[in-house]
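Engineer: First, the structure itself, so that you have it in front of you.
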Amino acid sequence: MLTFFLKKLPSVVMVAIASSVIAFVLPRLAPGDPAVALAGSDASPEQLAAVRDQLGLNGSLYEQYFHWIWNLLHGDLGRSFAMRRPVATLISSRLESTIELAALALVLMIIIGFTLGILSATLRNQTTKAALDVVNTICLATPPFLTGLLLILLLGIAFPILPVSGEMGLLRDPVKGLQYLILPAFALALPQAAVVARLLATAINSVRGEDFIDLAKAKGVPPGRLMRRHLLRNSLGPAIVAIGLRAGELLGGAIVIEAIFARNGLGQLAVSSVQNRDYLVLQALILGAVLIAVLIQLLSEITIAALDPRIRLEG
Amino acid sequence: MTDIAVQSVAPLLNVEGLSASFAGRHATIRIIDNVSFEVKPRRVLGIVGESGSGKSVTVRSILDMLRNPGRVDSGTVMFNGRDLVGLPEAEMRKIRGKRIAMVFQDPQAALNPVMTVGEQIAEALVVHGASRAAARERAFELLRQVGIPDVERNFDQYPHQFSGGMRQRVVIAIALANKPSLLIADEPTTALDVTIQAQILRLLCDLKDELGLSIIMITHDMGVVAELCDDLVVMYGGRVVERGTVADVFSAPRHPYTAALLHSVPRIDSNTGSQLRAIPGSPPTPARLPSGCAFHPRCRFAVERCRSEVPRLEELAPAHSAACWVSAADRMSVPPEEEGLVRKARRTLSANPILQIEDLRTDVNRGSGSFFSKAKPIFAVDGISLEIRPGETLGLVGESGCGKSTLSRTIVGISPVAGGKITVAGRDVSAMNPEDRDTIVRTIQYVFQDPFASLNPRRSIAQSLGEALGVAGVNGEKARERSVELLLRVGLNEDFLERYPYELSGGQRQRVGIARALATEPKLLICDEPVSALDVSIQAQIINLLEELRDELGLAYLFIAHDLSVVRHISDNVAVMYLGKIVEMGTAEQVYGSPQHPYTAALISSTPEPALDARQEKIVLAGDMPSPANPPSGCRFRTRCPIGPAYFPEREICSTSSPNLKETATGQKAACHFAGTPIKAGTRDEAGNG
Amino acid sequence: MTVPQSKPMHRRWFNPSIARYMEAFTTTRGIAALTAIILISALAFLAPVVFPGGYDVQSRESLRAPSFLHFFGTDELGRDLFVRSIYGLRSDLALVYFAVPVSMVAGTLLGLIGAVSPRLGSFVQRCLDIIVGFPGLILGICVVLVLGAGWTALLVVIVVSGLPGFGRLARATLLSQQQREYVIAARTLGVGKWQIMVRHILPNAVDPIIVQGAVFVVSAIFIEAALSIVGLGLQPPEPSLGTLLNNGIRYISRAPTYVLGPTVILIIVALAFSMLADALNATVNRK
Amino acid sequence: VRADDGKPVRGGTITVSQTADAQPRNILTLRAGNSPWVKNVFETLTQTDPETFEVKPLLAKSWKVAADGLSMDIVLRDDVTFHTGRKMTAEDIKFTLETMALPETAAQVGFIAKEFQSIDVTSATTLTIKFKKPLANIFDLFEEANVIDKETYAKREDGSQVIGTGPFKFAKWSPGASIMLERYDSYRDKSLPYLDSIEFAVITDSTASVSALRSGRSVMATGLSQNDLVEFTNNPQYQFVNSGGTIFPLGVNVTKAPFDKKEVRQALGYAIDRQRINDQVFGGIGVPTDLFWGVGSPGYGKDQALHYGYDPKKAKALVEKAGATGAKVPIVVPSIPANRSIFEIVQNNLKEIGLAPEAVVLDVADFDKRQVAGDLGPAFILIHGQVGFSTATLLSSLPSLRQGNPSGFWSDQYATLRNAVTAANSPEATDKAVKALSDYMLDEAFSLSLVQTPGQTILSDTVKGVKATLRSQMLFGQAYLAE
Ligand SMILES: Nc1ncnc2c1ncn2[C@@H]1O[C@H](COP(=O)(O)OP(=O)(O)OP(=O)(O)O)[C@@H](O)[C@H]1O
Ligand SMILES: Nc1ncnc2c1ncn2[C@@H]1O[C@H](COP(=O)(O)OP(=O)(O)OP(=O)(O)O)[C@@H](O)[C@H]1O
Ligand SMILES: [Mg+2]
Ligand SMILES: [Mg+2]
């Protein structure tokens with residue numbers, strides 16, 4: 001395990017460095033100025049210059065970059081230009097919202113994905129199977145924001161059952177929090193669940209062609225047990241890779257979903273920091289997202305190894 | 001069909017008129033047609049036939065285990081007085097694994113990779129109602145019974161930690177778990193080495209006697225039939241073409257196909273001076289089954305009636321039936337074939353070796369290390385020296401994984417040289433710089449094992465050949481002419497140029513593979529198991545082709561195979577390889593006639609012979625070949641050696657010093673401290689832990 | 001020596017791998033997908049002929065409900081929403097029909113670089129990993145900000161987002177193909193790296209890439225829509241399905257068809273291409 | 001604002017939704033994110049009645065302007081305390097006014113404070129301000145000069161200490177999410193405020209804001225798009241709070257072709273269908289007007305407001321006369337829904353008169369930066385949330401009109417007319433000066449006001465007593481929950 005991490009370390013570091021450079025440069029290439037966000041569009045040029053000076057935006061780009069990295073290595077993410085608060089505080093205050101959303105979406109994605117996947121791999125009846133396939137394809141073809149809009153139209157406007165905007169921390173009020181959470185999480189999870197379902201079904205069907213399934217059948221193993229002990233365990237690999245990849249997309253998808261459902265999570269923070277050119281916040285968010293993606297990938301590799309005795313991580 | 005009823009004993013299983021088909025996209029294809037046979041208690045029924053003849057489909061139909069979209073169309077399968085055809089799935093499950101058990105071909109694939117071996121055996125009992133504890137107890141017992149050592153530890157191992165032979169033992173243990181009365185073994189040894197095959201066959205034999213089993217044994221190897229079976233069913237194109245006791249069929253085959261099958265394989269003691277008797281053409285595919293007798297296009301006796309009418313299976317001798325119009329008409333066994341054509345005299349060219357290898361080593365683990373640590377070297381080829389002269393064939397034999405392919409890949413520069421020297425056409429090419437590679441390409445070409453994998457499915461034959469000719473500097477219209485020449489050379493014709501590999505049979509592809517290798521006009525062909533993926537009838541065609549090419553073009557061959565009979569047939573000299581080293585080397589006559597190394601002797605003895613008189617005690621090697629990652633000290637063979645320290649503890653020298661390849665009394669070279677010591681046949685067959 | 005009999009073969013006038021793709025269009029699913037795509041594309045690209053008035057005919061009739069005159073009703077500026085949706089579809093299709101192939105080619109080439117230099121190959125792969133790690137929309141937003149909203153920016157965003165997928169697929173093919181016997185055979189023959197790549201590896205990479213291409217068309221349309229929803233899509237008055245959604249969301253309760261129309265069109269397009277991908281995938285994977 | 005009909009009750013918490021985030025750093029400037037709450041935490045010297053335009057005392061008890069108009073004496077209340085408990089003194093007023101003048105404060109009306117000669121604190125509750133020249137718009141400054149606590153002002157930036165004298169204390173800021181205000185128990189009027197606390201939730205999406213309002217999660221929403229407001233127009237449960245607002249002008253750069261020709265600029269005036277913009281973009285809530293000045297403010301000429309009627313024929317003729325037919329007109333638009341919609345109508349109108357408009361949509365941050373730099377190209381659609389300032393102030397605070405405007409327009413006559421407005425010290429003089437300036441501006445047509453829309457605030461009838469300032473900053477001091 002340790003050797004596995006050591007082996008991965010150089011490439012993780014390389015990814016981190018490269019993404020830090022991109023995260024630093026890309027927003028700065030965009031025209032606009034964090035000082036304007038502070039001084040306002042009605043400000044005069046002198047006022048703007050004064051604000052820029054106050055924010056320390058007059059150093060060279062190299063200086064700013066190395067300053068940022070240096071502070072980063074010392075655990076200091078800097079201070080938001082727009083909100084004048086430490087970036088770390090800002091991010092941690094938004095973290096709960098996004099984590100709750102992504103976590104519930106992840107759970108929903110896994111549950112729905114597995115149910116659909118197993119169903120479509122086991123159903124014998126051609127019509128039900130075809131119907132399930134159509135449902136799956138539609139889910140696949142409907143991105144989270146459309147699902148979100150349709151859910152709002154349906155459950156927020158036509159039949160106002162669930163709140164469609166705002167949020168409530170799960171820790172503060174679990175019942176209400178869940179009510180706020182369920183629609184956005186569902187919207188976010190559905191298309192990804194369809195992907196997971198499809199991959200799982202494909203994997204199950206291909207495992208079905210393996211000899212050991214025949215042997216199990218020849219042993220007299222009944223279908224339920226066959227699915228659990230033989231088919232599913234051997235098909236989890238691709239599903240987990242998919243879940244890993246999708247988990248990253250959940251975070252990306254959260255941006256639009258948060259906008260639609262008026263949730264104040266990291267996605268909204270990212271969008272507003274783009275709008276305000278709040279570089280330091282944006283940099284931290286991008287870097288964090290890339291590292292999380294890398295982490296998820298490592299995690300799914302580890303999970304696959306844990307599930308499959310043939311793969312050993314030392315190798 | 002009353003022929004078999006004469007026999008007194010009631011059959012355990014009676015298959016009558018069984019037909020099955022697969023629903024394709026456009027049409028439903030009949031795969032087996034009107035198959036009938038019976039299995040009597042405590043007897044072994046062999047089913048033989050070439051690939052695709054419907055053997056597996058037949059036995060799967062019995063247990064209603066056809067893969068999608070297969071379906072049994074008609075017929076009855078009486079088992080213990082009950083018709084299994086149309087039995088509800090829940091009822092069928094009670095029979096599967098409980099009354100009738102199956103063993104599959106590929107032990108690598110037949111075990112669930114994510115369940116421990118013990119669990120998988122216990123599961124067979126649990127699903128038929130045993131308690132967990134009882135199942136576990138019995139599983140231990142079974143593992144012992146099939147000869148798995150160190151059961152306590154191995155019970156919790158995963159399949160990938162087992163060698164192929166051990167896995168097949170586990171599969172057999174699973175099959176025996178519920179003490180079934182019938183065991184169906186679908187080519188249980190095809191994927192295994194001869195040494196392991198001998199172990200498994202011995203095990204099956206013992207179990208049969210011990211447990212009073214009946215066995216259906218599917219195989220395509222007449223040698224295995226001769227060794228194990230009592231009765232025989234021969235299938236061709238989804239139909240039974242001959243049926244009878246093994247003794248009857250072998251002594252007087254009534255169907256031309258059976259006769260051809262018996263004669264197309266080289267015999268280990270055969271006269272190497274003659275061509276093999278190949279069956280022309282290739283086996284039919286069920287979608288395009290020839291009309292009438294499916295064998296007629298390949299049959300040298302075919303008459304007009306064979307083309308139009310399907311022959312019925314008729315009892316032509318007591319308890320011996322065949323489906324052939326010709327033999328039915330004359331009620332005779334198939335006449336012996338005319339002698340094989342005697343080959344032309346061989347041209348022996350200059351005495352300078354075309355390929356010379358000295359002390360070659362190859363590390364197959366190179367480059368797989370991490371950023372921080374170099375990987376431990378694994379020498380799959382560890383100090384090999386040999387030489388090949390023009391026009392000469394060196395046969396290289398050894399078990400799977402002993403490093404044969406690695407050696408050949410190193411010679412042509414695919415695997416890097418870790419040590420030693422390779423000299424090609426007088427030039428030291430060990431450095432493998434561009435000029436060296438150029439020399440190699442001009443001198444040596446490669447023929448691959450798997451004809452299905454060695455041609456790019458997206459490129460037409462013309463393109464594949466063109467590529468090779470392009471390297472030799474032949475392009476354009478010239479290349480086309482030359483391609484046609486090459487195709488003709490390997491027994492194909494111009495029509496094949498525009499075809500794609502999927503339109504070719506295995507034998508045809510292998511011919512194309514050989515044509516491609518000939519494009520650069522090499523002096524030496526390395527043939528890495530060129531026939532082991534082919535049906536016996538095709539195998540004979542290819543061997544004949546190779547011999548013919550050698551004689552006409554003066555080619556030299558490095559002929560790699562694990563089939564000793566084939567190697568004997570084609571080779572002038574033979575080298576026997578074990579775990580990266582050559583243990584014996586000499587002329588074919590020397591090595592086969594009086595093997596000096598115990599390993600060679602065991603290999604020869606393990607090879608099943610398709611003749612009844614050959615039934616004699618075998619030398620069955622215990623255990624598996626160790627991994628090249630940590631070879632045993634001293635003599636690498638000592639862990640399995642029937643004359644080594646495992647049986648004769650006083651022979652310590654084997655564990656301490658590695659024997660060198662040195663000349664023996666009979667003229668060949670052998671690497672054994674006790675070369676030439678006679679071996680007692682039938683050593684214990686418990687597997688050593690691999 | 002026996003010469004195996006062979007039926008005379010007429011010379012092929014087209015490559016069997018292309019023939020295999022055609023086979024995808026013999027299944028119900030494939031036919032449905034192809035028909036839908038052809039119809040949709042025809043409607044979209046013939047929009048100037050069918051609706052010669054263009055997409056910007058304004059009137060005082062704002063936010064009318066759907067009627068025979070206006071299938072989807074009208075928008076806030078009194079423009080026919082159906083016409084705008086079709087023109088929007090036209091922009092989207094024009095965008096993806098251009099961007100997706102570019103992304104496919106570029107991604108494939110990047111993925112195959114490893115054939116020429118293994119080190120460069122794994123370096124490129126790392127770079128693509130970074131793109132994957134970037135939170136999707138943020139990358140898009142940044143690119144749009146740098147380049148300015150409009151066609152170019154959308155093109156770049158779509159092309160870049162497709163690179164990792166295509167690159168990885170191509171690389172996976174490369175790595176598996178390099179182990180294939182026929183590639184080894186070519187190497188022992190002494191065929192050069194480039195020729196091996198062009199003759200053996202590239203053609204084998206094509207199958208999965210084409211399937212992925214059909215899948216990516218859907219993603220590409222969604223990228224456009226998502227960016228437009230954030231207000232960074234095409235510039236007014238040029239409509240795209242995304243900008244229609246972006247505007248429509250503001251009227252979601254007053255004029256639900258404003259959002260519903262483009263949504264349905266988006267889903268139909270996505271469905272058609274998903275089905276196409278399925279059909280191609282099924283054919284390509286058939287042995 | 002609806003008359004209070006019930007008896008106020010103490011207690012309760014309300015939630016207000018706003019679309020922009022609060023900016024505690026910028027409490028001295030007019031910001032959308034601050035408008036809903038800032039006047040509840042901070043108070044000013046004076047406060048103008050939004051209906052009568054009458055200036056009323058708040059922290060100042062009384063004031064007196066010298067006869068020459070060059071100084072002003074102010075007497076302060078003596079019962080005012082900051083939320084820290086410290087008594088407010090004249091020093092704090094001086095600090096506040098001086099801070100207003102600093103460039104980094106970036107106050108829109110900061111330029112007025114720059115005209116001060118000196119601020120002399122004469123006692124704890126009195127001070128005298130001397131001016132460099134007579135300042136007609138001094139109360140615009142006072143209106144915006146939220147009195148700040150000298151000791152804690154620096155800590156306002158991150159919201160840790162936002163200290164004022166108002167009825168509510170600033171309790172907590174979660175950037176981008178919400179701010180909490182709590183009742184200031186030691187407020188000088190012991191009965192006020194009635195409410196215990198107010199949460200200002202940031203809901204950036206207007207539609208989401210509306211659903212929060214509908215579901216009762218919030219009782220008030222600000223910053224809604226006009227389309228969303230329309231839904232509530234005939235619903236008796238909701239009322240609009242109309243004051244302040246936004247001006248949407250179409251500016252052109254007079255140094256760039258084809259707008260270097262006055263005919264073309266005037267043609268734009270006739271070409272644009274302001275009424276349709278108001279109806280379709282703003283649901284009829286706004287006022288189509290050719291003038292920048294607050295509707296009904298001194299000098300707002302009703303005829304002048306309709307100077308350019310929608311007359312595409314005339315416009316076309318003018319364009320033809322100037323030979324500008326077919327000219328390409330890139331129009332810079334900030335990526336704000338209203339501006340984009342306005343652009344769509346404008347470009348449609350411009351096509352009608354033979355011009356070839358095309359959109360250059362800029363991200364808001366980019367647009368703002370270029371607006372500050374006065375570098376927006378030949379034509380642009382702006383957005384100014386400054387309705388409610390006096391004309392004199394607007395002249396210097398509106399980027400469209402001030403010196404260095406993106407139209408590149410400046411002339412001696414313009415300067416003279418502007419000075420006349422600033423110097424006017426009687427209603428009649430103002431009226432005359434503004435009308436003269438309006439005539440000149442309408443003729444030059446360098447920046448065309450299209451429509452003015454009121455502050456976009458909607459209030460549920462569950463809460464009563466909410467008031468607003470002239471610039472639609474909300475006052476909850478006397479608000480209470482209806483039973
Ligand atoms: N699932 C399937 N779908 C379609 N055709 C099949 C399927 N399984 C087998 N077949 C066809 O049925 C025929 C008989 O197959 P079968 O496996 O019985 O042959 P076999 O005699 O066991 O050959 P082998 O020696 O290769 O195992 C073959 O031609 C094969 O192509
Ligand atoms: N890349 C590798 N890493 C580790 N071990 C390897 C690698 N390649 C080959 N080996 C090991 O080297 C040994 C020799 O392999 P090789 O393929 O040469 O055997 P072979 O004699 O050709 O066997 P077969 O008869 O099955 O073709 C095997 O034990 C194999 O496991
Ligand atoms: Mg078989
Ligand atoms: Mg090999």
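How things are named: the first chain in the structure tokens is A, the next is B, and so on; residues count from 1 in each chain; ligands count from 1 in the order shown.
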Using only C-alpha atoms, determine which residues lie at most 7 Å from Glu392 (chain B), disregarding the query and same-chain residues fewer than 5 positions distant; provide the list as a list of chain:residue names.
Structural biologist: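 Listed by chain and then number, they are B:Ala556, B:Tyr557, B:Asp572.
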Engineer: Limited to all heavy atoms, could you put the picked residues into a file as a PDB file, in the first residue's frame?
Structural biologist:
ATOM      1  N   ALA B 556      16.160 -23.065 -42.498  1.00  0.00           N
ATOM      2  CA  ALA B 556      16.397 -23.674 -41.196  1.00  0.00           C
ATOM      3  C   ALA B 556      15.238 -23.299 -40.296  1.00  0.00           C
ATOM      4  O   ALA B 556      14.635 -22.243 -40.478  1.00  0.00           O
ATOM      5  CB  ALA B 556      17.704 -23.154 -40.609  1.00  0.00           C
ATOM      6  N   TYR B 557      14.902 -24.166 -39.343  1.00  0.00           N
ATOM      7  CA  TYR B 557      13.813 -23.843 -38.425  1.00  0.00           C
ATOM      8  C   TYR B 557      14.272 -23.936 -36.998  1.00  0.00           C
ATOM      9  O   TYR B 557      15.025 -24.838 -36.645  1.00  0.00           O
ATOM     10  CB  TYR B 557      12.653 -24.852 -38.558  1.00  0.00           C
ATOM     11  CG  TYR B 557      11.864 -24.766 -39.834  1.00  0.00           C
ATOM     12  CD1 TYR B 557      11.444 -25.926 -40.471  1.00  0.00           C
ATOM     13  CD2 TYR B 557      11.511 -23.540 -40.376  1.00  0.00           C
ATOM     14  CE1 TYR B 557      10.711 -25.878 -41.637  1.00  0.00           C
ATOM     15  CE2 TYR B 557      10.780 -23.491 -41.546  1.00  0.00           C
ATOM     16  CZ  TYR B 557      10.382 -24.645 -42.179  1.00  0.00           C
ATOM     17  OH  TYR B 557       9.655 -24.584 -43.319  1.00  0.00           O
ATOM     18  N   ASP B 572      15.482 -32.297 -36.766  1.00  0.00           N
ATOM     19  CA  ASP B 572      16.726 -33.034 -36.879  1.00  0.00           C
ATOM     20  C   ASP B 572      17.322 -33.166 -35.484  1.00  0.00           C
ATOM     21  O   ASP B 572      17.699 -34.218 -35.046  1.00  0.00           O
ATOM     22  CB  ASP B 572      17.716 -32.291 -37.767  1.00  0.00           C
ATOM     23  CG  ASP B 572      17.127 -32.020 -39.129  1.00  0.00           C
ATOM     24  OD1 ASP B 572      16.592 -32.961 -39.726  1.00  0.00           O
ATOM     25  OD2 ASP B 572      17.153 -30.857 -39.566  1.00  0.00           O
TER      26      ASP B 572
END
Engineer: Write out as a list in words each polymer residue whose atoms come within 8 Å of region 432-445 of chain B, counting only C-alpha atoms; drop sequence neighbours fewer than 5 positions from it.
Structural biologist: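 Non-adjacent residues within range: Val412, Gly413, Val424, Ala425, Arg427, Ala517, Leu518, Thr520, Glu521, Pro522, Lys523, Leu524, Leu525 and Ile526 of chain B; Thr188, Leu189 and Gly190 of chain C.
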Engineer: Neighbours of Ser272 (chain A) within 10 Å (only C-alpha atoms; same-chain residues fewer than 4 positions away dropped), as an NGL selection string?
Structural biologist: (:A and (82 or 266-268 or 276-278 or 281-282)) or (:D and (20-21 or 176 or 204))
Engineer: Do a neighbour search on region 215-231 of chain A at 6 Å with only C-alpha atoms, toss out local chain neighbours closer than 3 positions, and write the hits as a list in words.
Structural biologist: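 So the residues in contact are Ile204, Phe212 and Asn234 of chain A; Arg93, Arg96, Gly97, Ala124 and Val127 of chain B.
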Engineer: Please return as JSON, numbers by chain the residues found within 6 Å of ligand 1, counting only C-alpha atoms and all ligand atoms.
Structural biologist: {"B": [22, 31, 50, 51, 52, 53, 54, 55, 56, 57, 67, 68, 285, 286]}
Engineer: Please identify all residues of chain B having at least one atom at most 6 Å from any atom of chain C, considering only C-alpha atoms, and return them as a list of chain:residue names.
Structural biologist: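 Every residue of chain B that passes the 6 Å test is in B:Gly281, B:Val441, B:Ala453, B:Ser454, B:Leu455, B:Asn456, B:Gly491, B:Leu492.
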Engineer: Can you work out which residues are within 12 Å of ligand 3, considering only C-alpha atoms and all ligand atoms, and then hand them over as an MDAnalysis selection string?
Structural biologist: (chainID A and resid 211) or (chainID B and resid 47:60 66 103:106 185:188 190:191 217:220 235 238)
Engineer: Applying 6 Å and only C-alpha atoms, which residues near region 661-669 of chain B remain after dropping the ones on its own chain fewer than 4 positions away? List them as a list in words.
Structural biologist: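 Selected residues are Glu584, Met585 and Gly586 of chain B.
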Engineer: What does the file look like for those residues with C-alpha atoms, as a short mmCIF file (atom, residue, chain, number, x, y, z; two decimals), in the first residue's frame?
Structural biologist:
data_model
loop_
_atom_site.label_atom_id
_atom_site.label_comp_id
_atom_site.auth_asym_id
_atom_site.auth_seq_id
_atom_site.Cartn_x
_atom_site.Cartn_y
_atom_site.Cartn_z
CA GLU B 584 18.98 -32.14 -22.83
CA MET B 585 20.01 -31.66 -26.44
CA GLY B 586 20.83 -34.03 -29.25
#
Engineer: Would you give me, as a Markdown table, each residue of chain B having an atom within 9 Å of an atom of chain A, along with its shortest atom pair and that distance in Å to one decimal, using only C-alpha atoms and sorting by chain and residue number?
Structural biologist:
| residue | atom | partner | partner_atom | distance |
| --- | --- | --- | --- | --- |
| B:Leu63 | CA | A:Ala218 | CA | 7.9 |
| B:Met65 | CA | A:Asp214 | CA | 7.7 |
| B:Arg67 | CA | A:Gly209 | CA | 8.1 |
| B:Ala90 | CA | A:Pro222 | CA | 8.3 |
| B:Met92 | CA | A:Gly220 | CA | 8.0 |
| B:Arg93 | CA | A:Gly220 | CA | 4.6 |
| B:Lys94 | CA | A:Gly220 | CA | 6.4 |
| B:Ile95 | CA | A:Gly220 | CA | 7.4 |
| B:Arg96 | CA | A:Gly220 | CA | 5.0 |
| B:Gly97 | CA | A:Lys219 | CA | 4.0 |
| B:Lys98 | CA | A:Lys219 | CA | 7.4 |
| B:Ile100 | CA | A:Ala218 | CA | 8.4 |
| B:Ala101 | CA | A:Ala218 | CA | 6.5 |
| B:Met102 | CA | A:Ala218 | CA | 6.2 |
| B:Val103 | CA | A:Leu215 | CA | 7.5 |
| B:Phe104 | CA | A:Leu215 | CA | 7.3 |
| B:Gln105 | CA | A:Asp211 | CA | 8.8 |
| B:Asp106 | CA | A:Asp211 | CA | 7.7 |
| B:Pro107 | CA | A:Asp211 | CA | 8.8 |
| B:Gln108 | CA | A:Asp211 | CA | 9.0 |
| B:Ala109 | CA | A:Asp211 | CA | 5.4 |
| B:Ala110 | CA | A:Phe212 | CA | 4.0 |
| B:Leu111 | CA | A:Phe212 | CA | 4.9 |
| B:Asn112 | CA | A:Phe212 | CA | 5.4 |
| B:Pro113 | CA | A:Arg310 | CA | 7.3 |
| B:Val114 | CA | A:Asp308 | CA | 5.7 |
| B:Met115 | CA | A:Arg229 | CA | 8.2 |
| B:Gln120 | CA | A:Ala216 | CA | 8.6 |
| B:Glu123 | CA | A:Val221 | CA | 8.0 |
| B:Ala124 | CA | A:Lys219 | CA | 5.3 |
| B:Leu125 | CA | A:Lys219 | CA | 8.5 |
| B:Val127 | CA | A:Val221 | CA | 5.9 |
| B:His128 | CA | A:Gly220 | CA | 7.5 |
| B:Tyr158 | CA | A:Pro309 | CA | 7.0 |
| B:Pro159 | CA | A:Arg310 | CA | 8.8 |
| B:His160 | CA | A:Arg310 | CA | 6.4 |
| B:Gln161 | CA | A:Arg310 | CA | 8.3 |
| B:Val171 | CA | A:Leu215 | CA | 8.4 |
| B:Ile174 | CA | A:Lys219 | CA | 7.6 |
| B:Ala175 | CA | A:Lys219 | CA | 7.3 |
| B:Ser368 | CA | A:Gly315 | CA | 8.6 |
| B:Gly369 | CA | A:Gly315 | CA | 8.5 |
| B:Ser370 | CA | A:Lys7 | CA | 5.9 |
| B:Phe371 | CA | A:Lys7 | CA | 6.0 |
| B:Phe372 | CA | A:Lys7 | CA | 7.2 |
Engineer: Excluding Val211 (chain C) and any residue of its chain fewer than 3 positions from it, enumerate the residues within 7 Å of it, using only C-alpha atoms, and give them as a compact mmCIF listing (two decimals) with all heavy atoms, in the first residue's frame.
Structural biologist:
# COMPACT_ATOMS: atom_id res chain seq x y z
N ASP C 207 -12.58 2.54 -34.04
CA ASP C 207 -13.87 2.05 -33.54
C ASP C 207 -14.30 2.71 -32.24
O ASP C 207 -15.33 3.37 -32.19
CB ASP C 207 -13.81 0.53 -33.34
CG ASP C 207 -14.08 -0.21 -34.62
OD1 ASP C 207 -14.38 0.47 -35.61
OD2 ASP C 207 -13.99 -1.44 -34.62
N PRO C 208 -13.52 2.53 -31.19
CA PRO C 208 -13.96 3.13 -29.93
C PRO C 208 -14.06 4.65 -30.03
O PRO C 208 -14.92 5.26 -29.40
CB PRO C 208 -12.87 2.71 -28.93
CG PRO C 208 -11.73 2.26 -29.73
CD PRO C 208 -12.28 1.78 -31.02
N ALA C 214 -19.82 9.78 -30.89
CA ALA C 214 -21.28 9.92 -30.84
C ALA C 214 -21.73 10.26 -29.42
O ALA C 214 -22.61 11.09 -29.21
CB ALA C 214 -21.95 8.65 -31.32
N VAL C 215 -21.08 9.63 -28.44
CA VAL C 215 -21.42 9.95 -27.05
C VAL C 215 -21.07 11.40 -26.75
O VAL C 215 -21.83 12.13 -26.12
CB VAL C 215 -20.65 9.02 -26.08
CG1 VAL C 215 -20.86 9.46 -24.64
CG2 VAL C 215 -21.10 7.59 -26.28
N ALA C 277 -24.84 6.04 -30.62
CA ALA C 277 -23.65 5.50 -29.97
C ALA C 277 -23.88 4.05 -29.59
O ALA C 277 -23.01 3.19 -29.79
CB ALA C 277 -23.31 6.32 -28.73
N LEU C 280 -23.82 1.87 -32.73
CA LEU C 280 -22.45 1.70 -33.23
C LEU C 280 -21.67 0.78 -32.31
O LEU C 280 -20.94 -0.11 -32.75
CB LEU C 280 -21.76 3.06 -33.31
CG LEU C 280 -22.17 3.96 -34.46
CD1 LEU C 280 -21.52 5.32 -34.31
CD2 LEU C 280 -21.75 3.33 -35.77
N ASN C 281 -21.86 1.00 -31.02
CA ASN C 281 -21.13 0.23 -30.04
C ASN C 281 -21.46 -1.26 -30.19
O ASN C 281 -20.57 -2.10 -30.17
CB ASN C 281 -21.50 0.71 -28.64
CG ASN C 281 -20.55 0.20 -27.60
OD1 ASN C 281 -19.37 0.05 -27.89
ND2 ASN C 281 -21.06 -0.09 -26.43
Engineer: Please identify every polymer residue within 10 Å of ligand 2, using only C-alpha atoms and all ligand atoms, and present the set as a VMD selection string.
Structural biologist: chain B and resid 191 to 193 362 to 368 377 to 381 396 to 410 415 449 528 to 529 532 560 to 562 577 to 580 625 to 629
